[in-house]
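Heads up, the thing below is written out as structure tokens.
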Amino acid sequence: KRALIWFRRDLRASDQAALHHALKSAEQVFCVFVFDSDILSELPRSDRRVVFIWSALGALDADLGALKPGAGLIVRHGSAKDVLPQLAAELQVQAVFCNHDDEPAALARDALVGERLASFGCQFKSFKDHVVFERSEVLTAVGKPYSVFTPYKNAWLRKLEPFYLRAYPVLPYADALASSPLRRGVPSLAEIGFEATDLSPHLGVGSAGAQELLDDFLQRIDRYDDSRNFPAVKGPSYLSVHLRFGTVSIRQLASEAWQRMQAGQHGAEVWLSELIWRDFYHQIMHHHPHAMRSAFRPAYDAIRWETGADADRLFEAWCTGATGYPLVDAAVLQLNQTGYMHNRLRMVSACFLIKDLGLDWRRGEAYFAERLLDFDLAANNGGWQWASSSGCDAQPYFRIFNPVTQSEKFDAEGKFIKRYLPQLAKLPPKLIHAPWTAKPLAVQACGVNLGQDYPLPIVNHDEARQATLARYAVVKSAQ
Ligand code: FAD
């Protein structure tokens, strides 16, 4: 029997569900990754994610070769819905194995691939791998999906047992990995139409890079709860991009956290909770695909957002880090320069776009989707709907973050701000969070000419707050 494994958001050669099942059930197993032109054609030529995937493929190819000499990846470039069935036919495999991808576009693509494979008698087998619990695995007592996080998390934790976190062994079955004359190595970035773009060296490459980040994080996981909210501090794990592309196994991460939590470590318990948020948003996407396009709570679709040239100008200022609110600007500059944004800052900058600038949350969501290395439809949509108060378990609409007090609280010394706004480097902590409120001479004495070196605020927070409460009145009356 011959089988083909189609790698997608699971770019690793250990604890990988589809790889495990394929190797167990076939004598000859081939491995493929397709640079899907249906996705790539939408992306800028310098997209960092393509570079991340490309480096991860080099590592995966080597890891497969280490499991069985001569084995490795066949890498193709083209529309996956055509390329995959063609390759399966060429290799004469009886089955294609992959892991679930529950994004609506991926489901549609997989349905088509499945049909095409079936037309010549090839099976299409897909497995849970990306999350601990998926789809309808965690439901309420009356069999309904949860839409509030805390009861979901409690049910998730009640259901958890070691079985669900067990690694899928690969090594004992590695003999089935087959070499193929169709394997020609990983094409260069130029061959697939992309430019080499610098990635942060801290990100690490492939599974080995993810493991280094994890080892580093486990040294400080006990302090996670105290440090995770301060963007100038190395608090979180920075593993999101590895989770997104599967260069690390969610079972491994959840198991590390769960064991420490059972040993009484609070930091590990809080971190596990974040991993549960990830499962939570994935099951929301499964049960409520409409929410990927419009408000989870339909009443919120009646809100009238700012439009026209003025709104475009405000949006442009937000995207380029020129709102005049230092923490908000530094946050977006972090995203633009590195492809990462700290979680606290994602909340602050999202709330600012929606509730200070009065812009449709979908504009910000789309901007994050373009720029985030870890962009994940379910989590990004969940985060933006949380900020716009239109989602499940969202921030109430009348709770509006104050960008200045957030800055004072979470970047008190202004260290993070200064990293991305070096023109403000000489401002002392008491001036850096809202420089326009200080005496112009005091700011000038620190080498900053407001309006020239750094913009004046493009909106007044207190006025914007009132406008937002009025804008959301339409929702209040619908409740
Ligand atoms: P850690 O604090 O180390 O957390 C560990 C992991 O838990 C993360 O890697 C992530 O997989 C998961 N996680 C943490 N917080 C959340 C959350 N609120 N929702 C879902 N999963 C979570 N996360 C993404 O992975 N992709 C996105 O596109 C994304 N967009 C977001 C948009 C907004 C507006 C907001 C408010 C949050 C968004 N998040 C997103 C969630 C969160 O900000 C990132 O997962 C986190 O900052 C990644 O950094 P880390 O790996 O160091 O996190």
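Starting from 1 in every chain, residues are counted up; chains themselves are A, B, ... following the order of the structure tokens, and ligands are numbered from 1 as listed.
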Query - Near-region 310-321 of chain A list (6 Å; only C-alpha atoms; drop same-chain fewer than 6 positions) as a list in words - result: Asp329, Val332 and Leu333 of chain A
Using N, CA and C atoms, can you export the residues from the last selection as a short mmCIF file (atom, residue, chain, number, x, y, z; two decimals), in the first residue's frame?
```
data_model
loop_
_atom_site.label_atom_id
_atom_site.label_comp_id
_atom_site.auth_asym_id
_atom_site.auth_seq_id
_atom_site.Cartn_x
_atom_site.Cartn_y
_atom_site.Cartn_z
N ASP A 329 1.14 53.75 18.66
CA ASP A 329 2.04 53.84 17.50
C ASP A 329 3.18 52.84 17.61
N VAL A 332 1.94 49.33 16.60
CA VAL A 332 1.79 49.06 15.17
C VAL A 332 3.15 49.00 14.49
N LEU A 333 4.10 49.81 14.99
CA LEU A 333 5.45 49.75 14.41
C LEU A 333 6.11 48.41 14.73
#
```
Report as a PDB file with N, CA and C atoms, in the first residue's frame which protein, DNA and RNA residues come within 7 Å of ligand 1, using only C-alpha atoms and all ligand atoms.
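Resulting contents of result_5.pdb:
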```
ATOM      1  N   ARG A 228       3.364  38.759  31.650  1.00  0.00           N
ATOM      2  CA  ARG A 228       2.799  38.666  30.292  1.00  0.00           C
ATOM      3  C   ARG A 228       2.179  39.961  29.770  1.00  0.00           C
ATOM      4  N   PRO A 236       5.842  36.528  27.467  1.00  0.00           N
ATOM      5  CA  PRO A 236       5.149  35.401  26.814  1.00  0.00           C
ATOM      6  C   PRO A 236       6.132  34.435  26.144  1.00  0.00           C
ATOM      7  N   SER A 237       5.581  33.434  25.488  1.00  0.00           N
ATOM      8  CA  SER A 237       6.443  32.368  24.926  1.00  0.00           C
ATOM      9  C   SER A 237       6.981  32.703  23.536  1.00  0.00           C
ATOM     10  N   TYR A 238       6.316  33.567  22.809  1.00  0.00           N
ATOM     11  CA  TYR A 238       6.638  33.877  21.395  1.00  0.00           C
ATOM     12  C   TYR A 238       6.503  32.636  20.501  1.00  0.00           C
ATOM     13  N   LEU A 239       5.670  31.699  20.922  1.00  0.00           N
ATOM     14  CA  LEU A 239       5.538  30.450  20.149  1.00  0.00           C
ATOM     15  C   LEU A 239       4.411  30.496  19.126  1.00  0.00           C
ATOM     16  N   SER A 240       3.675  31.629  19.061  1.00  0.00           N
ATOM     17  CA  SER A 240       2.454  31.638  18.241  1.00  0.00           C
ATOM     18  C   SER A 240       2.690  31.270  16.775  1.00  0.00           C
ATOM     19  N   VAL A 241       3.790  31.749  16.189  1.00  0.00           N
ATOM     20  CA  VAL A 241       4.001  31.436  14.770  1.00  0.00           C
ATOM     21  C   VAL A 241       4.309  29.946  14.595  1.00  0.00           C
ATOM     22  N   LEU A 243       3.076  27.606  16.525  1.00  0.00           N
ATOM     23  CA  LEU A 243       1.778  26.923  16.659  1.00  0.00           C
ATOM     24  C   LEU A 243       0.987  27.053  15.365  1.00  0.00           C
ATOM     25  N   ARG A 244       1.080  28.232  14.761  1.00  0.00           N
ATOM     26  CA  ARG A 244       0.306  28.472  13.540  1.00  0.00           C
ATOM     27  C   ARG A 244       0.708  27.514  12.414  1.00  0.00           C
ATOM     28  N   TRP A 271      -0.992  30.093  31.571  1.00  0.00           N
ATOM     29  CA  TRP A 271      -0.561  29.879  30.183  1.00  0.00           C
ATOM     30  C   TRP A 271      -1.440  28.821  29.510  1.00  0.00           C
ATOM     31  N   GLU A 274      -4.425  30.282  28.138  1.00  0.00           N
ATOM     32  CA  GLU A 274      -4.260  30.943  26.830  1.00  0.00           C
ATOM     33  C   GLU A 274      -4.352  29.914  25.707  1.00  0.00           C
ATOM     34  N   LEU A 275      -3.777  28.738  25.947  1.00  0.00           N
ATOM     35  CA  LEU A 275      -3.870  27.694  24.916  1.00  0.00           C
ATOM     36  C   LEU A 275      -5.326  27.247  24.749  1.00  0.00           C
ATOM     37  N   TRP A 277      -7.891  29.282  25.133  1.00  0.00           N
ATOM     38  CA  TRP A 277      -8.517  30.341  24.305  1.00  0.00           C
ATOM     39  C   TRP A 277      -8.373  29.984  22.831  1.00  0.00           C
ATOM     40  N   ARG A 278      -7.235  29.431  22.486  1.00  0.00           N
ATOM     41  CA  ARG A 278      -6.974  29.076  21.081  1.00  0.00           C
ATOM     42  C   ARG A 278      -7.962  27.992  20.624  1.00  0.00           C
ATOM     43  N   TYR A 281     -11.557  29.611  20.303  1.00  0.00           N
ATOM     44  CA  TYR A 281     -11.844  30.358  19.075  1.00  0.00           C
ATOM     45  C   TYR A 281     -11.935  29.420  17.862  1.00  0.00           C
ATOM     46  N   MET A 341       3.087  41.230  17.359  1.00  0.00           N
ATOM     47  CA  MET A 341       2.647  42.289  18.273  1.00  0.00           C
ATOM     48  C   MET A 341       2.262  41.618  19.581  1.00  0.00           C
ATOM     49  N   HIS A 342       2.724  42.216  20.665  1.00  0.00           N
ATOM     50  CA  HIS A 342       2.454  41.696  22.005  1.00  0.00           C
ATOM     51  C   HIS A 342       0.934  41.676  22.254  1.00  0.00           C
ATOM     52  N   ASN A 343       0.473  40.686  23.014  1.00  0.00           N
ATOM     53  CA  ASN A 343      -0.982  40.535  23.201  1.00  0.00           C
ATOM     54  C   ASN A 343      -1.637  41.775  23.812  1.00  0.00           C
ATOM     55  N   ARG A 346      -2.034  44.209  21.158  1.00  0.00           N
ATOM     56  CA  ARG A 346      -3.084  43.880  20.173  1.00  0.00           C
ATOM     57  C   ARG A 346      -4.417  44.396  20.717  1.00  0.00           C
ATOM     58  N   MET A 347      -4.627  44.216  22.025  1.00  0.00           N
ATOM     59  CA  MET A 347      -5.890  44.679  22.615  1.00  0.00           C
ATOM     60  C   MET A 347      -5.970  46.204  22.575  1.00  0.00           C
ATOM     61  N   ALA A 350      -6.236  47.502  18.885  1.00  0.00           N
ATOM     62  CA  ALA A 350      -7.535  47.154  18.278  1.00  0.00           C
ATOM     63  C   ALA A 350      -8.632  48.040  18.865  1.00  0.00           C
ATOM     64  N   PHE A 368      -4.171  43.285  10.357  1.00  0.00           N
ATOM     65  CA  PHE A 368      -3.439  42.272  11.140  1.00  0.00           C
ATOM     66  C   PHE A 368      -3.243  41.006  10.292  1.00  0.00           C
ATOM     67  N   ALA A 369      -4.273  40.634   9.547  1.00  0.00           N
ATOM     68  CA  ALA A 369      -4.193  39.406   8.744  1.00  0.00           C
ATOM     69  C   ALA A 369      -3.066  39.500   7.711  1.00  0.00           C
ATOM     70  N   LEU A 372       0.515  39.939  10.438  1.00  0.00           N
ATOM     71  CA  LEU A 372       0.940  39.069  11.546  1.00  0.00           C
ATOM     72  C   LEU A 372       1.573  37.786  11.036  1.00  0.00           C
ATOM     73  N   ASP A 374       1.872  35.261  12.884  1.00  0.00           N
ATOM     74  CA  ASP A 374       1.070  34.185  13.475  1.00  0.00           C
ATOM     75  C   ASP A 374      -0.402  34.298  13.071  1.00  0.00           C
ATOM     76  N   PHE A 375      -0.685  35.056  12.005  1.00  0.00           N
ATOM     77  CA  PHE A 375      -2.097  35.271  11.655  1.00  0.00           C
ATOM     78  C   PHE A 375      -2.859  33.944  11.572  1.00  0.00           C
ATOM     79  N   ASP A 376      -3.932  33.943  12.318  1.00  0.00           N
ATOM     80  CA  ASP A 376      -4.772  32.761  12.364  1.00  0.00           C
ATOM     81  C   ASP A 376      -6.210  33.276  12.344  1.00  0.00           C
ATOM     82  N   LEU A 377      -6.969  32.843  11.359  1.00  0.00           N
ATOM     83  CA  LEU A 377      -8.310  33.410  11.173  1.00  0.00           C
ATOM     84  C   LEU A 377      -9.138  33.376  12.452  1.00  0.00           C
ATOM     85  N   ALA A 379      -8.297  33.006  15.730  1.00  0.00           N
ATOM     86  CA  ALA A 379      -7.814  33.814  16.862  1.00  0.00           C
ATOM     87  C   ALA A 379      -7.874  35.307  16.537  1.00  0.00           C
ATOM     88  N   ASN A 380      -7.552  35.654  15.305  1.00  0.00           N
ATOM     89  CA  ASN A 380      -7.553  37.072  14.937  1.00  0.00           C
ATOM     90  C   ASN A 380      -8.974  37.620  14.950  1.00  0.00           C
ATOM     91  N   ASN A 381      -9.880  36.865  14.366  1.00  0.00           N
ATOM     92  CA  ASN A 381     -11.275  37.281  14.359  1.00  0.00           C
ATOM     93  C   ASN A 381     -11.799  37.368  15.793  1.00  0.00           C
ATOM     94  N   GLY A 382     -11.457  36.365  16.603  1.00  0.00           N
ATOM     95  CA  GLY A 382     -11.901  36.366  18.004  1.00  0.00           C
ATOM     96  C   GLY A 382     -11.387  37.600  18.724  1.00  0.00           C
ATOM     97  N   GLY A 383     -10.122  37.932  18.500  1.00  0.00           N
ATOM     98  CA  GLY A 383      -9.513  39.095  19.157  1.00  0.00           C
ATOM     99  C   GLY A 383     -10.169  40.390  18.731  1.00  0.00           C
ATOM    100  N   TRP A 384     -10.417  40.528  17.440  1.00  0.00           N
ATOM    101  CA  TRP A 384     -11.030  41.765  16.944  1.00  0.00           C
ATOM    102  C   TRP A 384     -12.485  41.881  17.368  1.00  0.00           C
ATOM    103  N   ALA A 387     -12.552  43.016  20.887  1.00  0.00           N
ATOM    104  CA  ALA A 387     -12.291  44.450  21.024  1.00  0.00           C
ATOM    105  C   ALA A 387     -13.480  45.290  20.570  1.00  0.00           C
TER     106      ALA A 387
END
```
**Report entry** Residues within 9 Å of Met285 (chain A), only C-alpha atoms, excluding chain neighbours under 3 positions, as a ChimeraX atom specification
**Finding:** /A:102-104,135,280-282,288-292,377-378,381-382
Could you turn the residues from that selection into a file that holds N, CA and C atoms, as a PDB file, in the first residue's frame?
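Result written to selection_12.pdb:
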```pdb
ATOM      1  N   ASP A 102      -9.784  23.834   9.677  1.00  0.00           N
ATOM      2  CA  ASP A 102     -11.212  24.173   9.739  1.00  0.00           C
ATOM      3  C   ASP A 102     -11.550  25.567   9.229  1.00  0.00           C
ATOM      4  N   GLU A 103     -10.584  26.269   8.647  1.00  0.00           N
ATOM      5  CA  GLU A 103     -10.939  27.574   8.066  1.00  0.00           C
ATOM      6  C   GLU A 103     -11.879  27.341   6.888  1.00  0.00           C
ATOM      7  N   PRO A 104     -12.903  28.195   6.719  1.00  0.00           N
ATOM      8  CA  PRO A 104     -13.886  27.941   5.663  1.00  0.00           C
ATOM      9  C   PRO A 104     -13.257  27.701   4.285  1.00  0.00           C
ATOM     10  N   ARG A 135     -13.954  21.096  17.144  1.00  0.00           N
ATOM     11  CA  ARG A 135     -15.331  20.975  16.654  1.00  0.00           C
ATOM     12  C   ARG A 135     -16.332  20.768  17.797  1.00  0.00           C
ATOM     13  N   PHE A 280     -10.806  27.444  22.017  1.00  0.00           N
ATOM     14  CA  PHE A 280     -12.126  28.070  22.107  1.00  0.00           C
ATOM     15  C   PHE A 280     -12.481  28.782  20.799  1.00  0.00           C
ATOM     16  N   TYR A 281     -11.557  29.611  20.303  1.00  0.00           N
ATOM     17  CA  TYR A 281     -11.844  30.358  19.075  1.00  0.00           C
ATOM     18  C   TYR A 281     -11.935  29.420  17.862  1.00  0.00           C
ATOM     19  N   HIS A 282     -11.201  28.329  17.896  1.00  0.00           N
ATOM     20  CA  HIS A 282     -11.308  27.395  16.769  1.00  0.00           C
ATOM     21  C   HIS A 282     -12.681  26.724  16.739  1.00  0.00           C
ATOM     22  N   HIS A 288     -19.663  28.649  14.079  1.00  0.00           N
ATOM     23  CA  HIS A 288     -20.235  29.938  13.626  1.00  0.00           C
ATOM     24  C   HIS A 288     -19.411  30.514  12.479  1.00  0.00           C
ATOM     25  N   PRO A 289     -19.331  29.828  11.359  1.00  0.00           N
ATOM     26  CA  PRO A 289     -18.485  30.364  10.275  1.00  0.00           C
ATOM     27  C   PRO A 289     -18.915  31.761   9.823  1.00  0.00           C
ATOM     28  N   HIS A 290     -20.190  32.142  10.020  1.00  0.00           N
ATOM     29  CA  HIS A 290     -20.647  33.479   9.599  1.00  0.00           C
ATOM     30  C   HIS A 290     -19.847  34.564  10.313  1.00  0.00           C
ATOM     31  N   ALA A 291     -19.412  34.248  11.562  1.00  0.00           N
ATOM     32  CA  ALA A 291     -18.712  35.259  12.365  1.00  0.00           C
ATOM     33  C   ALA A 291     -17.343  35.589  11.781  1.00  0.00           C
ATOM     34  N   MET A 292     -16.881  34.809  10.813  1.00  0.00           N
ATOM     35  CA  MET A 292     -15.594  35.128  10.197  1.00  0.00           C
ATOM     36  C   MET A 292     -15.743  36.290   9.208  1.00  0.00           C
ATOM     37  N   LEU A 377      -6.969  32.843  11.359  1.00  0.00           N
ATOM     38  CA  LEU A 377      -8.310  33.410  11.173  1.00  0.00           C
ATOM     39  C   LEU A 377      -9.138  33.376  12.452  1.00  0.00           C
ATOM     40  N   ALA A 378      -9.176  32.210  13.110  1.00  0.00           N
ATOM     41  CA  ALA A 378     -10.041  32.054  14.291  1.00  0.00           C
ATOM     42  C   ALA A 378      -9.603  32.990  15.419  1.00  0.00           C
ATOM     43  N   ASN A 381      -9.880  36.865  14.366  1.00  0.00           N
ATOM     44  CA  ASN A 381     -11.275  37.281  14.359  1.00  0.00           C
ATOM     45  C   ASN A 381     -11.799  37.368  15.793  1.00  0.00           C
ATOM     46  N   GLY A 382     -11.457  36.365  16.603  1.00  0.00           N
ATOM     47  CA  GLY A 382     -11.901  36.366  18.004  1.00  0.00           C
ATOM     48  C   GLY A 382     -11.387  37.600  18.724  1.00  0.00           C
TER      49      GLY A 382
END
```
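Residues in contact with Cys122 (chain A) at up to 7 Å, not including ones fewer than 4 positions away on its chain and judged by only C-alpha atoms, are Val93, Gln94, Ala95, Leu117 and Ala118 of chain A.
Using only C-alpha atoms for every distance, the candidate list A:Asp393, A:Asp61, A:Glu134, A:Asp453 yields A:Glu134 as the residue closest to His287 (chain A).
Of note, CA of Phe149 (chain A) and CA of Ile276 (chain A) are spaced 8.8 Å apart.
Candidate residues A:Ala309, A:Val29, A:Ala13, A:Leu43 were compared for distance to Ala176 (chain A), and the nearest is A:Val29, using only C-alpha atoms.
Distances here use only C-alpha atoms; by that measure, the residue among A:Arg158, A:Lys430, A:Arg344, A:His20 closest to Asn229 (chain A) is A:Arg344.
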